[in-house]
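Participant: This is the content of work-v2.txt (compact mmCIF, C-alpha atoms and all ligand atoms):
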```
# COMPACT_ATOMS: atom_id res chain seq x y z
CA VAL P 90 1.74 14.62 -12.48
CA GLN P 91 5.24 13.24 -12.70
CA ILE P 92 7.81 11.79 -10.34
CA LYS P 93 11.01 13.57 -11.24
CA GLU P 94 13.11 12.85 -8.23
CA VAL P 95 13.17 10.06 -5.65
CA GLU P 96 15.37 10.20 -2.62
CA PHE P 97 15.58 7.42 -0.08
CA VAL P 98 15.56 9.23 3.26
CA LYS P 99 15.67 6.62 5.99
CA SER P 100 14.53 3.33 7.42
CA SER P 101 12.95 3.53 10.84
CA ALA P 102 12.49 0.72 13.28
CA ARG P 103 9.88 2.60 15.29
CA ALA P 104 7.18 5.12 14.49
CA LYS P 105 8.87 7.68 16.67
CA ASP P 106 12.10 7.46 14.63
CA CYS P 107 10.36 8.50 11.40
CA PRO P 108 11.23 11.84 9.76
CA ARG P 109 9.75 14.83 11.51
CA ASP P 110 8.82 17.48 9.02
CA GLU P 111 5.67 18.91 7.55
CA ARG P 112 5.69 17.08 4.26
CA PRO P 113 2.61 15.04 3.43
CA GLU P 114 2.92 11.26 3.52
CA PHE P 115 1.23 8.45 1.62
CA ALA P 116 1.72 5.09 3.27
CA ILE P 117 1.73 1.93 1.20
CA LEU P 118 0.52 -1.15 2.99
CA GLY P 119 -0.45 -4.67 2.10
CA ARG P 120 -0.08 -8.36 2.63
CA SER P 121 3.32 -9.85 1.96
CA ASN P 122 3.55 -10.71 -1.77
CA VAL P 123 0.69 -8.38 -2.73
CA GLY P 124 3.00 -6.63 -5.21
CA LYS P 125 4.05 -3.68 -3.06
CA SER P 126 7.68 -3.49 -4.19
CA SER P 127 6.64 -3.90 -7.82
CA LEU P 128 4.10 -1.11 -7.49
CA ILE P 129 6.54 1.27 -5.84
CA ASN P 130 9.09 0.52 -8.54
CA ALA P 131 6.48 1.06 -11.25
CA LEU P 132 5.41 4.34 -9.67
CA VAL P 133 8.90 5.77 -9.41
CA ARG P 134 10.19 3.91 -12.47
CA LYS P 135 13.35 2.82 -10.78
CA LYS P 136 14.24 -0.77 -10.22
CA GLU P 137 16.46 -0.25 -7.25
CA VAL P 138 14.26 1.92 -5.08
CA ALA P 139 12.12 -0.47 -3.09
CA LEU P 140 14.82 -2.16 -1.09
CA THR P 141 12.56 -3.50 1.60
CA SER P 142 13.57 -6.61 3.41
CA LYS P 143 11.68 -9.41 1.78
CA LYS P 144 12.25 -12.34 4.07
CA PRO P 145 9.32 -13.26 6.26
CA GLY P 146 10.19 -12.88 9.90
CA LYS P 147 13.17 -10.59 9.27
CA THR P 148 13.10 -7.22 10.94
CA GLN P 149 10.73 -5.03 9.04
CA LEU P 150 11.25 -1.32 8.75
CA ILE P 151 9.32 1.80 7.82
CA ASN P 152 11.01 3.26 4.74
CA HIS P 153 10.63 6.91 3.74
CA PHE P 154 11.11 7.98 0.13
CA LEU P 155 11.00 11.68 -0.61
CA ILE P 156 9.37 12.47 -3.95
CA ASN P 157 10.16 15.69 -5.83
CA LYS P 158 11.39 17.11 -2.53
CA SER P 159 7.77 17.66 -1.56
CA TRP P 160 5.99 14.52 -0.35
CA TYR P 161 6.75 11.07 0.97
CA ILE P 162 5.97 7.56 -0.09
CA VAL P 163 6.14 5.50 3.09
CA ASP P 164 6.80 1.84 2.52
CA LEU P 165 5.38 -0.02 5.50
CA PRO P 166 6.15 -3.59 6.51
CA GLY P 167 3.90 -6.14 4.89
CA TYR P 168 1.51 -8.07 7.06
CA GLY P 169 0.21 -11.61 7.07
CA PHE P 170 3.35 -13.59 6.44
CA ALA P 171 2.21 -17.16 6.11
CA LYS P 172 5.24 -18.35 8.03
CA ALA P 173 5.51 -15.65 10.65
CA SER P 174 5.07 -16.63 14.25
CA ASP P 175 2.36 -15.04 16.33
CA SER P 176 4.94 -12.78 17.92
CA ALA P 177 6.03 -11.46 14.51
CA ARG P 178 2.42 -10.64 13.74
CA MET P 179 2.15 -8.82 17.03
CA ASP P 180 5.24 -6.79 16.20
CA TRP P 181 3.57 -5.68 13.03
CA SER P 182 0.49 -4.56 14.82
CA SER P 183 2.10 -2.67 17.63
CA PHE P 184 4.58 -0.69 15.62
CA THR P 185 2.65 -0.14 12.44
CA LYS P 186 -0.51 0.74 14.31
CA GLY P 187 1.59 3.20 16.30
CA PHE P 188 2.60 4.83 13.04
CA PHE P 189 -0.99 5.23 11.82
CA LEU P 190 -2.34 6.63 15.03
CA ASN P 191 0.35 9.24 15.59
CA ARG P 192 1.18 10.75 12.21
CA GLU P 193 -0.39 14.11 11.56
CA THR P 194 1.36 14.26 8.19
CA LEU P 195 -0.26 11.03 6.97
CA VAL P 196 -2.63 12.03 4.17
CA ALA P 197 -3.83 8.56 3.26
CA VAL P 198 -3.01 4.89 3.38
CA LEU P 199 -2.85 3.14 0.05
CA LEU P 200 -4.05 -0.32 1.01
CA LEU P 201 -2.92 -2.83 -1.59
CA ILE P 202 -5.29 -5.69 -2.34
CA ASP P 203 -4.35 -8.57 -4.64
CA ALA P 204 -7.03 -8.73 -7.33
CA SER P 205 -5.88 -12.16 -8.43
CA VAL P 206 -7.20 -13.90 -5.31
CA PRO P 207 -10.58 -13.91 -3.53
CA PRO P 208 -11.01 -11.54 -0.57
CA GLN P 209 -8.63 -12.45 2.26
CA LYS P 210 -9.72 -12.14 5.86
CA ILE P 211 -6.51 -10.39 6.90
CA ASP P 212 -7.05 -7.66 4.27
CA LEU P 213 -10.64 -7.17 5.35
CA ASP P 214 -9.51 -6.97 8.98
CA CYS P 215 -6.91 -4.38 8.07
CA ALA P 216 -9.35 -2.28 6.04
CA ASN P 217 -11.85 -2.42 8.85
CA TRP P 218 -9.27 -1.49 11.47
CA LEU P 219 -8.19 1.54 9.44
CA GLY P 220 -11.81 2.49 8.88
CA ARG P 221 -12.69 2.19 12.55
CA ASN P 222 -9.77 4.46 13.38
CA ASN P 223 -10.83 7.04 10.80
CA ILE P 224 -7.63 6.74 8.83
CA PRO P 225 -8.25 7.83 5.24
CA MET P 226 -7.49 5.09 2.76
CA THR P 227 -7.58 4.21 -0.88
CA PHE P 228 -7.90 0.63 -2.07
CA VAL P 229 -5.28 -0.10 -4.67
CA PHE P 230 -6.03 -3.40 -6.38
CA THR P 231 -2.83 -5.00 -7.67
CA LYS P 232 -2.12 -7.63 -10.37
CA CYS P 233 -5.21 -6.61 -12.33
CA ASP P 234 -3.59 -8.01 -15.47
CA LYS P 235 -4.43 -11.43 -13.98
CA MET P 236 -8.14 -10.73 -13.72
CA LYS P 237 -10.45 -13.02 -15.54
CA GLY P 238 -12.02 -11.80 -18.76
CA GLY P 239 -10.62 -8.60 -20.10
CA LYS P 240 -7.06 -7.79 -19.11
CA GLY P 241 -7.76 -5.51 -16.22
CA LYS P 242 -10.28 -3.16 -17.72
CA ARG P 243 -13.31 -4.05 -15.62
CA PRO P 244 -13.38 -5.17 -12.01
CA ASP P 245 -13.90 -8.91 -11.81
CA GLU P 246 -15.56 -10.93 -9.07
CA ASN P 247 -12.59 -10.80 -6.65
CA ILE P 248 -12.73 -7.01 -6.61
CA ARG P 249 -16.51 -6.89 -6.48
CA ASN P 250 -16.62 -9.40 -3.64
CA PHE P 251 -14.00 -7.48 -1.68
CA GLN P 252 -15.88 -4.26 -2.08
CA GLU P 253 -19.12 -5.84 -1.07
CA LEU P 254 -17.60 -7.32 2.09
CA VAL P 255 -15.80 -4.16 3.10
CA GLY P 256 -18.60 -1.85 2.04
CA GLN P 257 -20.81 -3.07 4.85
CA HIS P 258 -18.64 -1.03 7.21
CA TYR P 259 -18.62 2.30 5.38
CA ARG P 260 -21.16 4.96 4.73
CA VAL P 261 -18.90 6.46 2.10
CA TYR P 262 -16.90 3.82 0.30
CA PRO P 263 -13.17 4.64 0.04
CA PRO P 264 -11.74 5.51 -3.37
CA TRP P 265 -10.31 2.59 -5.28
CA ILE P 266 -7.97 2.14 -8.22
CA MET P 267 -7.11 -0.88 -10.34
CA THR P 268 -3.42 -1.33 -11.12
CA SER P 269 -0.95 -3.64 -12.75
CA SER P 270 2.78 -3.23 -12.40
CA ILE P 271 3.20 -5.31 -15.54
CA THR P 272 0.97 -3.36 -17.93
CA GLY P 273 1.20 -0.01 -16.13
CA LEU P 274 -2.57 0.06 -15.65
CA GLY P 275 -3.59 2.61 -13.02
CA ARG P 276 -0.19 4.28 -12.62
CA ASP P 277 -1.25 7.69 -13.91
CA GLU P 278 -4.57 7.45 -12.11
CA LEU P 279 -2.82 6.71 -8.83
CA LEU P 280 -0.39 9.62 -9.23
CA LEU P 281 -3.26 11.93 -10.08
CA HIS P 282 -5.20 10.69 -7.07
CA ILE P 283 -2.21 11.40 -4.81
CA SER P 284 -1.80 14.89 -6.20
CA GLN P 285 -5.49 15.62 -5.71
CA LEU P 286 -5.35 14.50 -2.09
CA ARG P 287 -2.25 16.63 -1.52
CA ASN P 288 -4.03 19.72 -2.74
CA TYR P 289 -6.93 19.48 -0.36
P1 LIG H 301 5.69 -7.56 -2.16
O1 LIG H 301 6.10 -8.70 -1.30
O2 LIG H 301 4.34 -7.05 -1.78
O3 LIG H 301 6.70 -6.46 -2.24
O4 LIG H 301 5.47 -8.15 -3.63
P2 LIG H 301 6.38 -8.13 -4.94
O5 LIG H 301 6.35 -6.79 -5.60
O6 LIG H 301 7.72 -8.69 -4.63
O7 LIG H 301 5.55 -9.12 -5.86
C1 LIG H 301 5.21 -10.42 -5.43
C2 LIG H 301 5.00 -11.33 -6.63
O8 LIG H 301 3.91 -10.87 -7.40
C3 LIG H 301 6.19 -11.34 -7.57
O9 LIG H 301 6.31 -12.66 -8.07
C4 LIG H 301 5.80 -10.36 -8.66
O10 LIG H 301 6.41 -10.67 -9.90
C5 LIG H 301 4.30 -10.56 -8.73
N1 LIG H 301 3.62 -9.30 -9.15
C6 LIG H 301 3.76 -8.09 -8.60
N2 LIG H 301 2.99 -7.17 -9.23
C7 LIG H 301 2.36 -7.83 -10.22
C8 LIG H 301 1.41 -7.43 -11.24
O11 LIG H 301 0.99 -6.26 -11.38
N3 LIG H 301 0.95 -8.42 -12.08
C9 LIG H 301 1.36 -9.71 -11.97
N4 LIG H 301 0.84 -10.60 -12.84
N5 LIG H 301 2.24 -10.11 -11.03
C10 LIG H 301 2.74 -9.19 -10.17
```
Do you think you could lay out the structure here as structure tokens?
Ligand code: GDP
Facilitator:
Amino acid sequence: VQIKEVEFVKSSARAKDCPRDERPEFAILGRSNVGKSSLINALVRKKEVALTSKKPGKTQLINHFLINKSWYIVDLPGYGFAKASDSARMDWSSFTKGFFLNRETLVAVLLLIDASVPPQKIDLDCANWLGRNNIPMTFVFTKCDKMKGGKGKRPDENIRNFQELVGQHYRVYPPWIMTSSITGLGRDELLLHISQLRNY
């Protein structure tokens, strides 16, 4: 499973402006600062690809990257800016939720969770919202190189606590992968996971 070609296709301000074709999409979502840009760069191995606007409160866009001319990585606006006003949070919910609920080509959401901090309410809320709306998701734990005791090999208490909290809402727990954009942990596993989901 290799990424040979990455093409930035477009930035969309609204769900209805997103590309309309049959290609499968994998949306990447997470709290601001979770390590989303780093992960996308590590996945595609290009520094300049994830050009998302990084300033809290600035207009956030849905970015489509076409991979190997066959599937999309969709970079969604981060949520939970510490400094964002309530209205900025509302913007996130209305337009990003619109994307999730109306995309037939969306195969799965890769929900990024920072493994270096204890479970955050906003991440749990997001996971539960996606679950309630039957949107398939995979938990991608980021920054696993910062985990206590063992350099990202075994899930530590932050990951276990997150899973325990979120697991109360699922009969079948979503797939999960531990990653680090610094050590490259989980990169191949994540690409394999994506290719398996695409072949369903
Ligand atoms: P984004 O706002 O979600 O796009 O997050 P960034 O990719 O910009 O990363 C936010 C911060 O976390 C930056 O300071 C990164 O250097 C750091 N970071 C991102 N990924 C990792 C990782 O895998 N390990 C560690 N230790 N730090 C990371």
Participant: Residues at most 7 Å from Val123 (chain P), counting only C-alpha atoms, excluding those fewer than 4 positions away in the same chain, as a ChimeraX atom specification?
Facilitator: /P:119,201-203,231
Participant: I'd like the interatomic distance between atom N5 of ligand LIG 301 (chain H) and CA of Leu274 (chain P), to a tenth of an Å.
Facilitator: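 CA of Leu274 (chain P) lies 12.2 Å from atom N5 of ligand LIG 301 (chain H).
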Participant: Counting all atoms listed in the file, select every polymer residue within 8 Å of (-11.5, -6.7, -1.4) as defined in the file's coordinates, and provide the selection as a PDB file with C-alpha atoms, keeping the file's coordinate frame.
Facilitator:
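Contents of result-v5.pdb, as written:
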```
ATOM      1  CA  ILE P 202      -5.290  -5.690  -2.340  1.00  0.00           C
ATOM      2  CA  ALA P 204      -7.030  -8.730  -7.330  1.00  0.00           C
ATOM      3  CA  PRO P 207     -10.580 -13.910  -3.530  1.00  0.00           C
ATOM      4  CA  PRO P 208     -11.010 -11.540  -0.570  1.00  0.00           C
ATOM      5  CA  GLN P 209      -8.630 -12.450   2.260  1.00  0.00           C
ATOM      6  CA  ASP P 212      -7.050  -7.660   4.270  1.00  0.00           C
ATOM      7  CA  LEU P 213     -10.640  -7.170   5.350  1.00  0.00           C
ATOM      8  CA  ASN P 247     -12.590 -10.800  -6.650  1.00  0.00           C
ATOM      9  CA  ILE P 248     -12.730  -7.010  -6.610  1.00  0.00           C
ATOM     10  CA  ARG P 249     -16.510  -6.890  -6.480  1.00  0.00           C
ATOM     11  CA  ASN P 250     -16.620  -9.400  -3.640  1.00  0.00           C
ATOM     12  CA  PHE P 251     -14.000  -7.480  -1.680  1.00  0.00           C
ATOM     13  CA  GLN P 252     -15.880  -4.260  -2.080  1.00  0.00           C
ATOM     14  CA  GLU P 253     -19.120  -5.840  -1.070  1.00  0.00           C
ATOM     15  CA  LEU P 254     -17.600  -7.320   2.090  1.00  0.00           C
ATOM     16  CA  VAL P 255     -15.800  -4.160   3.100  1.00  0.00           C
TER      17      VAL P 255
END
```
Participant: List as a tab-separated table every residue of chain P that is in contact with ligand LIG 301 (chain H), defined as an atom at most 6 Å from one of its atoms (using all atoms listed in the file), together with the nearest atom pair and the distance in Å rounded to one decimal, sorted by chain and then rising number.
Facilitator:
```
residue	atom	partner	partner_atom	distance
P:Ser121	CA	H:LIG301	O1	4.4
P:Asn122	CA	H:LIG301	O1	3.3
P:Val123	CA	H:LIG301	O2	4.0
P:Gly124	CA	H:LIG301	O4	3.3
P:Lys125	CA	H:LIG301	O2	3.6
P:Ser126	CA	H:LIG301	O3	3.7
P:Ser127	CA	H:LIG301	O5	3.7
P:Thr231	CA	H:LIG301	O11	5.5
P:Lys232	CA	H:LIG301	O11	3.5
P:Asp234	CA	H:LIG301	N3	5.7
P:Lys235	CA	H:LIG301	N4	5.5
P:Ser269	CA	H:LIG301	O11	3.5
P:Ser270	CA	H:LIG301	O11	3.7
P:Ile271	CA	H:LIG301	O11	4.8
```
Participant: If I take CA of Phe154 (chain P) and CA of Gly169 (chain P), how far is one from the other in Å, to one decimal?
Facilitator: 23.5 Å
Participant: So which one's closest to Leu132 (chain P), P:Pro166, P:Glu114, P:Lys210, P:Ile156? Using only C-alpha atoms, please.
Facilitator: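 Looking only at the distances to Leu132 (chain P), the closest residue turns out to be P:Ile156.
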Participant: Of the candidates P:Lys93, P:Leu280, P:Phe189, P:Glu111, which shows the shortest atom-to-atom distance to Trp218 (chain P), using all atoms listed in the file?
Facilitator: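 Checking each candidate against Trp218 (chain P), we get P:Phe189 as the closest.
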Participant: Tell me, in Å to one decimal, how far CA of Leu155 (chain P) is from CA of Asn222 (chain P).
Facilitator: 26.1 Å
Participant: Using only C-alpha atoms, find the one residue out of P:Lys186, P:Asp110, P:Pro244, P:Ile92 that sits nearest to Asn130 (chain P).
Facilitator: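 Checking each candidate against Asn130 (chain P), we get P:Ile92 as the closest.
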Participant: Out of P:Tyr161, P:Tyr259, P:Phe97, P:Trp265, which residue has the shortest atom-to-atom distance to Val196 (chain P) when counting only C-alpha atoms?
Facilitator: P:Tyr161
Participant: So which residues touch region 276-279 of chain P within 9 Å, counting all atoms listed in the file, skipping near sequence neighbours fewer than 5 positions away, as a VMD selection string?
Facilitator: chain P and resid 90 to 91 128 131 to 132 229 266 to 270 284
Participant: Which is closer to Ile211 (chain P) than all the others in P:Arg120, P:Leu150, P:Arg192, P:Pro225, using only C-alpha atoms?
Facilitator: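 Distance minimum relative to Ile211 (chain P) lands on P:Arg120.
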Participant: Using only C-alpha atoms, which of P:Val261, P:Val206, P:Ile151, P:Leu281 sits nearest Glu246 (chain P)?
Facilitator: P:Val206
Participant: How would you write as a count of residues only the residues that get within 12 Å of (11.5, 4.6, 4.1) in the file's frame, counting all atoms listed in the file?
Facilitator: 37
Participant: Reconstruct region 247-280 of chain P at the level of N, CA and C atoms, and format the result as a PDB file, keeping the file's coordinate frame.
Facilitator:
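Everything below was put into rebuild-v3.pdb:
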```
ATOM      1  N   ASN P 247     -13.401 -10.984  -7.865  1.00  0.00           N
ATOM      2  CA  ASN P 247     -12.590 -10.800  -6.650  1.00  0.00           C
ATOM      3  C   ASN P 247     -12.721  -9.379  -6.121  1.00  0.00           C
ATOM      4  N   ILE P 248     -12.640  -8.424  -7.018  1.00  0.00           N
ATOM      5  CA  ILE P 248     -12.730  -7.010  -6.610  1.00  0.00           C
ATOM      6  C   ILE P 248     -14.149  -6.702  -6.131  1.00  0.00           C
ATOM      7  N   ARG P 249     -15.120  -7.170  -6.873  1.00  0.00           N
ATOM      8  CA  ARG P 249     -16.510  -6.890  -6.480  1.00  0.00           C
ATOM      9  C   ARG P 249     -16.830  -7.513  -5.119  1.00  0.00           C
ATOM     10  N   ASN P 250     -16.359  -8.728  -4.915  1.00  0.00           N
ATOM     11  CA  ASN P 250     -16.620  -9.400  -3.640  1.00  0.00           C
ATOM     12  C   ASN P 250     -15.934  -8.670  -2.486  1.00  0.00           C
ATOM     13  N   PHE P 251     -14.715  -8.232  -2.729  1.00  0.00           N
ATOM     14  CA  PHE P 251     -14.000  -7.480  -1.680  1.00  0.00           C
ATOM     15  C   PHE P 251     -14.762  -6.226  -1.326  1.00  0.00           C
ATOM     16  N   GLN P 252     -15.181  -5.516  -2.339  1.00  0.00           N
ATOM     17  CA  GLN P 252     -15.880  -4.260  -2.080  1.00  0.00           C
ATOM     18  C   GLN P 252     -17.192  -4.465  -1.363  1.00  0.00           C
ATOM     19  N   GLU P 253     -17.855  -5.565  -1.721  1.00  0.00           N
ATOM     20  CA  GLU P 253     -19.120  -5.840  -1.070  1.00  0.00           C
ATOM     21  C   GLU P 253     -18.903  -6.146   0.419  1.00  0.00           C
ATOM     22  N   LEU P 254     -17.869  -6.943   0.705  1.00  0.00           N
ATOM     23  CA  LEU P 254     -17.600  -7.320   2.090  1.00  0.00           C
ATOM     24  C   LEU P 254     -17.185  -6.115   2.933  1.00  0.00           C
ATOM     25  N   VAL P 255     -16.326  -5.287   2.352  1.00  0.00           N
ATOM     26  CA  VAL P 255     -15.800  -4.160   3.100  1.00  0.00           C
ATOM     27  C   VAL P 255     -16.820  -3.023   3.165  1.00  0.00           C
ATOM     28  N   GLY P 256     -17.642  -2.945   2.150  1.00  0.00           N
ATOM     29  CA  GLY P 256     -18.600  -1.850   2.040  1.00  0.00           C
ATOM     30  C   GLY P 256     -19.642  -1.840   3.137  1.00  0.00           C
ATOM     31  N   GLN P 257     -19.828  -3.004   3.769  1.00  0.00           N
ATOM     32  CA  GLN P 257     -20.810  -3.070   4.850  1.00  0.00           C
ATOM     33  C   GLN P 257     -20.412  -2.173   6.018  1.00  0.00           C
ATOM     34  N   HIS P 258     -19.132  -1.797   6.066  1.00  0.00           N
ATOM     35  CA  HIS P 258     -18.640  -1.030   7.210  1.00  0.00           C
ATOM     36  C   HIS P 258     -18.521   0.469   6.924  1.00  0.00           C
ATOM     37  N   TYR P 259     -18.837   0.889   5.727  1.00  0.00           N
ATOM     38  CA  TYR P 259     -18.620   2.300   5.380  1.00  0.00           C
ATOM     39  C   TYR P 259     -19.915   2.947   4.924  1.00  0.00           C
ATOM     40  N   ARG P 260     -20.070   4.187   5.324  1.00  0.00           N
ATOM     41  CA  ARG P 260     -21.160   4.960   4.730  1.00  0.00           C
ATOM     42  C   ARG P 260     -20.720   5.536   3.396  1.00  0.00           C
ATOM     43  N   VAL P 261     -19.471   6.018   3.369  1.00  0.00           N
ATOM     44  CA  VAL P 261     -18.900   6.460   2.100  1.00  0.00           C
ATOM     45  C   VAL P 261     -17.763   5.515   1.762  1.00  0.00           C
ATOM     46  N   TYR P 262     -17.903   4.808   0.658  1.00  0.00           N
ATOM     47  CA  TYR P 262     -16.900   3.820   0.300  1.00  0.00           C
ATOM     48  C   TYR P 262     -15.594   4.513  -0.096  1.00  0.00           C
ATOM     49  N   PRO P 263     -14.450   4.009   0.387  1.00  0.00           N
ATOM     50  CA  PRO P 263     -13.170   4.640   0.040  1.00  0.00           C
ATOM     51  C   PRO P 263     -12.913   4.605  -1.471  1.00  0.00           C
ATOM     52  N   PRO P 264     -12.125   5.551  -1.957  1.00  0.00           N
ATOM     53  CA  PRO P 264     -11.740   5.510  -3.370  1.00  0.00           C
ATOM     54  C   PRO P 264     -10.984   4.231  -3.685  1.00  0.00           C
ATOM     55  N   TRP P 265     -11.051   3.789  -4.905  1.00  0.00           N
ATOM     56  CA  TRP P 265     -10.310   2.590  -5.280  1.00  0.00           C
ATOM     57  C   TRP P 265      -9.796   2.707  -6.709  1.00  0.00           C
ATOM     58  N   ILE P 266      -8.659   2.046  -6.935  1.00  0.00           N
ATOM     59  CA  ILE P 266      -7.970   2.140  -8.220  1.00  0.00           C
ATOM     60  C   ILE P 266      -7.477   0.750  -8.600  1.00  0.00           C
ATOM     61  N   MET P 267      -7.634   0.402  -9.863  1.00  0.00           N
ATOM     62  CA  MET P 267      -7.110  -0.880 -10.340  1.00  0.00           C
ATOM     63  C   MET P 267      -5.740  -0.666 -10.978  1.00  0.00           C
ATOM     64  N   THR P 268      -4.776  -1.501 -10.590  1.00  0.00           N
ATOM     65  CA  THR P 268      -3.420  -1.330 -11.120  1.00  0.00           C
ATOM     66  C   THR P 268      -2.822  -2.656 -11.590  1.00  0.00           C
ATOM     67  N   SER P 269      -1.826  -2.526 -12.424  1.00  0.00           N
ATOM     68  CA  SER P 269      -0.950  -3.640 -12.750  1.00  0.00           C
ATOM     69  C   SER P 269       0.450  -3.097 -12.951  1.00  0.00           C
ATOM     70  N   SER P 270       1.394  -3.677 -12.244  1.00  0.00           N
ATOM     71  CA  SER P 270       2.780  -3.230 -12.400  1.00  0.00           C
ATOM     72  C   SER P 270       3.371  -3.767 -13.688  1.00  0.00           C
ATOM     73  N   ILE P 271       2.698  -4.736 -14.285  1.00  0.00           N
ATOM     74  CA  ILE P 271       3.200  -5.310 -15.540  1.00  0.00           C
ATOM     75  C   ILE P 271       2.750  -4.473 -16.734  1.00  0.00           C
ATOM     76  N   THR P 272       1.460  -4.127 -16.772  1.00  0.00           N
ATOM     77  CA  THR P 272       0.970  -3.360 -17.930  1.00  0.00           C
ATOM     78  C   THR P 272       1.018  -1.850 -17.682  1.00  0.00           C
ATOM     79  N   GLY P 273       1.209  -1.443 -16.433  1.00  0.00           N
ATOM     80  CA  GLY P 273       1.200  -0.010 -16.130  1.00  0.00           C
ATOM     81  C   GLY P 273      -0.205   0.529 -15.894  1.00  0.00           C
ATOM     82  N   LEU P 274      -1.196  -0.361 -15.939  1.00  0.00           N
ATOM     83  CA  LEU P 274      -2.570   0.060 -15.650  1.00  0.00           C
ATOM     84  C   LEU P 274      -2.629   0.788 -14.308  1.00  0.00           C
ATOM     85  N   GLY P 275      -3.312   1.932 -14.282  1.00  0.00           N
ATOM     86  CA  GLY P 275      -3.590   2.610 -13.020  1.00  0.00           C
ATOM     87  C   GLY P 275      -2.481   3.516 -12.507  1.00  0.00           C
ATOM     88  N   ARG P 276      -1.312   3.478 -13.138  1.00  0.00           N
ATOM     89  CA  ARG P 276      -0.190   4.280 -12.620  1.00  0.00           C
ATOM     90  C   ARG P 276      -0.527   5.772 -12.645  1.00  0.00           C
ATOM     91  N   ASP P 277      -0.958   6.255 -13.803  1.00  0.00           N
ATOM     92  CA  ASP P 277      -1.250   7.690 -13.910  1.00  0.00           C
ATOM     93  C   ASP P 277      -2.429   8.065 -13.016  1.00  0.00           C
ATOM     94  N   GLU P 278      -3.396   7.170 -12.949  1.00  0.00           N
ATOM     95  CA  GLU P 278      -4.570   7.450 -12.110  1.00  0.00           C
ATOM     96  C   GLU P 278      -4.162   7.572 -10.637  1.00  0.00           C
ATOM     97  N   LEU P 279      -3.272   6.686 -10.221  1.00  0.00           N
ATOM     98  CA  LEU P 279      -2.820   6.710  -8.830  1.00  0.00           C
ATOM     99  C   LEU P 279      -2.032   7.990  -8.534  1.00  0.00           C
ATOM    100  N   LEU P 280      -1.164   8.387  -9.444  1.00  0.00           N
ATOM    101  CA  LEU P 280      -0.390   9.620  -9.230  1.00  0.00           C
ATOM    102  C   LEU P 280      -1.309  10.844  -9.207  1.00  0.00           C
TER     103      LEU P 280
END
```
